[in-house]
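Data from target16.pdb: PDB, C-alpha atoms
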ATOM      1  CA  MET A   7       8.202  12.148 -14.344  1.00  0.00           C
ATOM      2  CA  GLN A   8      10.284   9.163 -15.409  1.00  0.00           C
ATOM      3  CA  THR A   9      12.253   9.135 -12.163  1.00  0.00           C
ATOM      4  CA  PHE A  10       9.009   9.176 -10.192  1.00  0.00           C
ATOM      5  CA  THR A  11       7.638   6.257 -12.210  1.00  0.00           C
ATOM      6  CA  LEU A  12      10.822   4.241 -11.737  1.00  0.00           C
ATOM      7  CA  ALA A  13      10.855   4.971  -8.015  1.00  0.00           C
ATOM      8  CA  MET A  14       7.230   3.893  -7.665  1.00  0.00           C
ATOM      9  CA  ARG A  15       7.919   0.738  -9.657  1.00  0.00           C
ATOM     10  CA  ARG A  16      10.747  -0.075  -7.241  1.00  0.00           C
ATOM     11  CA  THR A  17       8.441   0.710  -4.316  1.00  0.00           C
ATOM     12  CA  PHE A  18       5.781  -1.701  -5.561  1.00  0.00           C
ATOM     13  CA  ARG A  19       8.407  -4.372  -6.256  1.00  0.00           C
ATOM     14  CA  TYR A  20       9.673  -4.194  -2.675  1.00  0.00           C
ATOM     15  CA  ALA A  21       6.104  -4.099  -1.357  1.00  0.00           C
ATOM     16  CA  PHE A  22       5.302  -7.336  -3.173  1.00  0.00           C
ATOM     17  CA  THR A  23       8.529  -8.797  -1.796  1.00  0.00           C
ATOM     18  CA  CYS A  24       7.457  -7.834   1.738  1.00  0.00           C
ATOM     19  CA  MET A  25       4.057  -9.415   1.155  1.00  0.00           C
ATOM     20  CA  SER A  26       5.766 -12.594  -0.052  1.00  0.00           C
ATOM     21  CA  VAL A  27       7.905 -12.705   3.096  1.00  0.00           C
ATOM     22  CA  VAL A  28       4.797 -12.286   5.268  1.00  0.00           C
ATOM     23  CA  ALA A  29       3.025 -15.074   3.342  1.00  0.00           C
ATOM     24  CA  ILE A  30       6.000 -17.395   3.860  1.00  0.00           C
ATOM     25  CA  LEU A  31       6.155 -16.503   7.557  1.00  0.00           C
ATOM     26  CA  TRP A  32       2.401 -17.149   7.810  1.00  0.00           C
ATOM     27  CA  VAL A  33       3.004 -20.710   6.630  1.00  0.00           C
ATOM     28  CA  LEU A  34       6.116 -21.304   8.736  1.00  0.00           C
ATOM     29  CA  LEU A  35       4.945 -19.721  12.007  1.00  0.00           C
ATOM     30  CA  PRO A  36       1.416 -20.927  12.795  1.00  0.00           C
ATOM     31  CA  GLU A  37       1.513 -19.462  16.326  1.00  0.00           C
ATOM     32  CA  TYR A  38       1.642 -15.944  14.809  1.00  0.00           C
ATOM     33  CA  LYS A  39      -0.984 -16.683  12.172  1.00  0.00           C
ATOM     34  CA  LEU A  40      -3.503 -14.127  13.454  1.00  0.00           C
ATOM     35  CA  PHE A  41      -1.013 -11.245  13.445  1.00  0.00           C
ATOM     36  CA  LEU A  42       0.528 -12.195  10.094  1.00  0.00           C
ATOM     37  CA  GLN A  43      -2.797 -12.475   8.282  1.00  0.00           C
ATOM     38  CA  SER A  44      -3.757  -9.086   9.749  1.00  0.00           C
ATOM     39  CA  LEU A  45      -0.457  -7.696   8.511  1.00  0.00           C
ATOM     40  CA  PHE A  46      -1.092  -9.206   5.077  1.00  0.00           C
ATOM     41  CA  LEU A  47      -4.559  -7.619   4.945  1.00  0.00           C
ATOM     42  CA  GLY A  48      -3.110  -4.222   5.849  1.00  0.00           C
ATOM     43  CA  MET A  49      -0.367  -4.595   3.237  1.00  0.00           C
ATOM     44  CA  GLY A  50      -2.962  -5.392   0.580  1.00  0.00           C
ATOM     45  CA  GLY A  51      -4.891  -2.257   1.493  1.00  0.00           C
ATOM     46  CA  SER A  52      -1.670  -0.271   1.458  1.00  0.00           C
ATOM     47  CA  LEU A  53      -0.873  -1.523  -2.048  1.00  0.00           C
ATOM     48  CA  LEU A  54      -4.344  -0.546  -3.227  1.00  0.00           C
ATOM     49  CA  ASN A  55      -4.017   2.916  -1.667  1.00  0.00           C
ATOM     50  CA  GLY A  56      -0.548   3.305  -3.172  1.00  0.00           C
ATOM     51  CA  ALA A  57      -1.848   2.413  -6.628  1.00  0.00           C
ATOM     52  CA  VAL A  58      -4.647   4.982  -6.330  1.00  0.00           C
ATOM     53  CA  LEU A  59      -2.241   7.656  -5.130  1.00  0.00           C
ATOM     54  CA  PHE A  60       0.276   6.847  -7.871  1.00  0.00           C
ATOM     55  CA  SER A  61      -2.361   7.055 -10.602  1.00  0.00           C
ATOM     56  CA  LYS A  62      -3.654  10.395  -9.324  1.00  0.00           C
ATOM     57  CA  THR A  63      -0.139  11.816  -8.974  1.00  0.00           C
ATOM     58  CA  TRP A  64       0.817  10.585 -12.431  1.00  0.00           C
ATOM     59  CA  ARG A  65      -2.293  12.209 -13.907  1.00  0.00           C
ATOM     60  CA  ILE A  66      -1.459  15.537 -12.226  1.00  0.00           C
ATOM     61  CA  GLY A  67       2.058  15.302 -13.656  1.00  0.00           C
ATOM     62  CA  GLN A  68       0.601  14.692 -17.106  1.00  0.00           C
ATOM     63  CA  ALA A  69      -1.656  17.719 -16.658  1.00  0.00           C
ATOM     64  CA  ALA A  70       1.420  19.853 -16.006  1.00  0.00           C
ATOM     65  CA  VAL A  71       2.923  18.708 -19.316  1.00  0.00           C
ATOM     66  CA  ASP A  72      -0.238  18.592 -21.450  1.00  0.00           C
ATOM     67  CA  PRO A  73      -2.981  21.147 -20.727  1.00  0.00           C
ATOM     68  CA  ALA A  74      -5.571  18.911 -22.418  1.00  0.00           C
ATOM     69  CA  VAL A  75      -5.302  16.376 -19.575  1.00  0.00           C
ATOM     70  CA  ARG A  76      -7.420  17.299 -16.570  1.00  0.00           C
ATOM     71  CA  PRO A  77      -6.722  15.886 -13.120  1.00  0.00           C
ATOM     72  CA  LYS A  78      -9.790  14.467 -11.375  1.00  0.00           C
ATOM     73  CA  GLY A  79      -9.236  14.825  -7.648  1.00  0.00           C
ATOM     74  CA  THR A  80      -6.673  13.350  -5.327  1.00  0.00           C
ATOM     75  CA  GLY A  81      -8.381  10.053  -4.477  1.00  0.00           C
ATOM     76  CA  MET A  82      -8.562  10.895  -0.781  1.00  0.00           C
ATOM     77  CA  LEU A  83     -12.110   9.569  -0.384  1.00  0.00           C
ATOM     78  CA  GLN A  84     -11.210   6.307  -2.130  1.00  0.00           C
ATOM     79  CA  ARG A  85      -8.200   5.780   0.117  1.00  0.00           C
ATOM     80  CA  LEU A  86     -10.205   6.583   3.252  1.00  0.00           C
ATOM     81  CA  ALA A  87     -12.904   4.137   2.120  1.00  0.00           C
ATOM     82  CA  VAL A  88     -10.307   1.365   1.761  1.00  0.00           C
ATOM     83  CA  VAL A  89      -8.925   2.035   5.251  1.00  0.00           C
ATOM     84  CA  GLY A  90     -12.433   2.246   6.692  1.00  0.00           C
ATOM     85  CA  PHE A  91     -13.362  -1.057   5.078  1.00  0.00           C
ATOM     86  CA  LEU A  92     -10.252  -2.760   6.456  1.00  0.00           C
ATOM     87  CA  VAL A  93     -10.943  -1.446   9.951  1.00  0.00           C
ATOM     88  CA  PHE A  94     -14.556  -2.594   9.598  1.00  0.00           C
ATOM     89  CA  LEU A  95     -13.374  -6.091   8.625  1.00  0.00           C
ATOM     90  CA  THR A  96     -11.014  -6.139  11.581  1.00  0.00           C
ATOM     91  CA  VAL A  97     -13.712  -5.141  14.055  1.00  0.00           C
ATOM     92  CA  ARG A  98     -16.331  -7.409  12.465  1.00  0.00           C
ATOM     93  CA  PHE A  99     -14.086 -10.491  12.447  1.00  0.00           C
ATOM     94  CA  PRO A 100     -11.878 -10.280  15.558  1.00  0.00           C
ATOM     95  CA  HIS A 101     -11.157 -14.007  15.370  1.00  0.00           C
ATOM     96  CA  LEU A 102      -9.453 -13.493  11.966  1.00  0.00           C
ATOM     97  CA  PHE A 103      -7.682 -10.130  12.269  1.00  0.00           C
ATOM     98  CA  ILE A 104      -6.019  -7.909  14.879  1.00  0.00           C
ATOM     99  CA  LEU A 105      -6.193  -4.137  14.560  1.00  0.00           C
ATOM    100  CA  SER A 106      -2.486  -3.640  15.306  1.00  0.00           C
ATOM    101  CA  GLY A 107      -1.427  -5.883  12.410  1.00  0.00           C
ATOM    102  CA  VAL A 108      -3.747  -4.152   9.961  1.00  0.00           C
ATOM    103  CA  LEU A 109      -2.580  -0.688  10.992  1.00  0.00           C
ATOM    104  CA  ILE A 110       1.096  -1.651  10.744  1.00  0.00           C
ATOM    105  CA  GLY A 111       0.467  -3.140   7.284  1.00  0.00           C
ATOM    106  CA  LEU A 112      -1.289   0.010   6.101  1.00  0.00           C
ATOM    107  CA  PHE A 113       1.952   1.962   6.485  1.00  0.00           C
ATOM    108  CA  LEU A 114       3.922  -0.281   4.085  1.00  0.00           C
ATOM    109  CA  ILE A 115       3.698   1.856   0.932  1.00  0.00           C
ATOM    110  CA  GLN A 116       4.235   5.076   2.873  1.00  0.00           C
ATOM    111  CA  LEU A 117       7.474   3.801   4.393  1.00  0.00           C
ATOM    112  CA  LEU A 118       8.769   2.279   1.165  1.00  0.00           C
ATOM    113  CA  SER A 119       7.895   5.338  -0.903  1.00  0.00           C
ATOM    114  CA  LEU A 120       9.602   7.523   1.674  1.00  0.00           C
ATOM    115  CA  LEU A 121      12.743   5.475   1.109  1.00  0.00           C
ATOM    116  CA  PHE A 122      12.664   5.219  -2.678  1.00  0.00           C
ATOM    117  CA  VAL A 123      10.681   8.162  -4.084  1.00  0.00           C
ATOM    118  CA  TYR A 124      12.123  10.861  -1.838  1.00  0.00           C
ATOM    119  CA  ARG A 125      15.666   9.557  -2.369  1.00  0.00           C
ATOM    120  CA  SER A 126      15.232   9.492  -6.175  1.00  0.00           C
ATOM    121  CA  LEU A 127      13.995  13.106  -6.305  1.00  0.00           C
ATOM    122  CA  LYS A 128      17.143  14.525  -4.677  1.00  0.00           C
TER     123      LYS A 128
END
This entry written out as structure tokens:
Amino acid sequence: MQTFTLAMRRTFRYAFTCMSVVAILWVLLPEYKLFLQSLFLGMGGSLLNGAVLFSKTWRIGQAAVDPAVRPKGTGMLQRLAVVGFLVFLTVRFPHLFILSGVLIGLFLIQLLSLLFVYRSLK
């Protein structure tokens, strides 16, 4: 469980670094402002979904060690609600966000966790 926690900590560290790079690019490249703020919105949703998934996975791991701890679902509905809300914001405010940027940003944690968590479990 410790290796998983360390890998997720590294994943979140790199995710915040990616968000910082996008924020800097948003300031430096005003002609791509619409796409970059959409990407930033998607990355924020991805971080929130990653935190929910990490907490649920950690709780299931604790339940395997200690039978007194009971897991309470997988958080699938919460994660779908976050994605649905982000898509709603994108459709509601097309002058602020583009759907392609939000969808690309939503895959941030999945790609980073694929790199770090899967590699650490080998």
Item to check | Matched chain/residue IDs from the PyMOL selection byres ((chain A and resi 108-115) around 7), as number ranges by chain | outcome: A: 21, 44-49, 51-53, 56, 104-107, 116-119
What's the 7 Å shell around Pro77 (chain A), counting all atoms listed in the file, without same-chain residues fewer than 2 positions away, as a PDB file with C-alpha atoms, keeping the file's coordinate frame?
ATOM      1  CA  ARG A  65      -2.293  12.209 -13.907  1.00  0.00           C
ATOM      2  CA  ILE A  66      -1.459  15.537 -12.226  1.00  0.00           C
ATOM      3  CA  ALA A  69      -1.656  17.719 -16.658  1.00  0.00           C
ATOM      4  CA  VAL A  75      -5.302  16.376 -19.575  1.00  0.00           C
ATOM      5  CA  GLY A  79      -9.236  14.825  -7.648  1.00  0.00           C
TER       6      GLY A  79
END
Item to check | Ground truth for the PyMOL selection byres ((chain A and resi 39) around 12), written as a list of chain:residue names | outcome: A:Val28, A:Ala29, A:Ile30, A:Leu31, A:Trp32, A:Val33, A:Leu34, A:Leu35, A:Pro36, A:Glu37, A:Tyr38, A:Leu40, A:Phe41, A:Leu42, A:Gln43, A:Ser44, A:Leu45, A:Phe46, A:His101, A:Leu102, A:Phe103, A:Ile104, A:Gly107
Checklist entry - Pick from A:Cys24, A:Val93, A:Val88, A:Met14: nearest to Ser61 (chain A), with all atoms listed in the file counted? => result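 Selected residue with least distance to Ser61 (chain A): A:Met14.
Ranking A:Pro100, A:Gly90, A:Gly81, A:Gly50 by their shortest atom-to-atom distance to Lys62 (chain A), with only C-alpha atoms included, puts A:Gly81 first.
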Checklist entry - For this file, the PyMOL selection byres ((chain A and resi 13) around 9) selects which residues, as a PyMOL selection string? => result chain A and resi 8-12+14-18+119+122-127
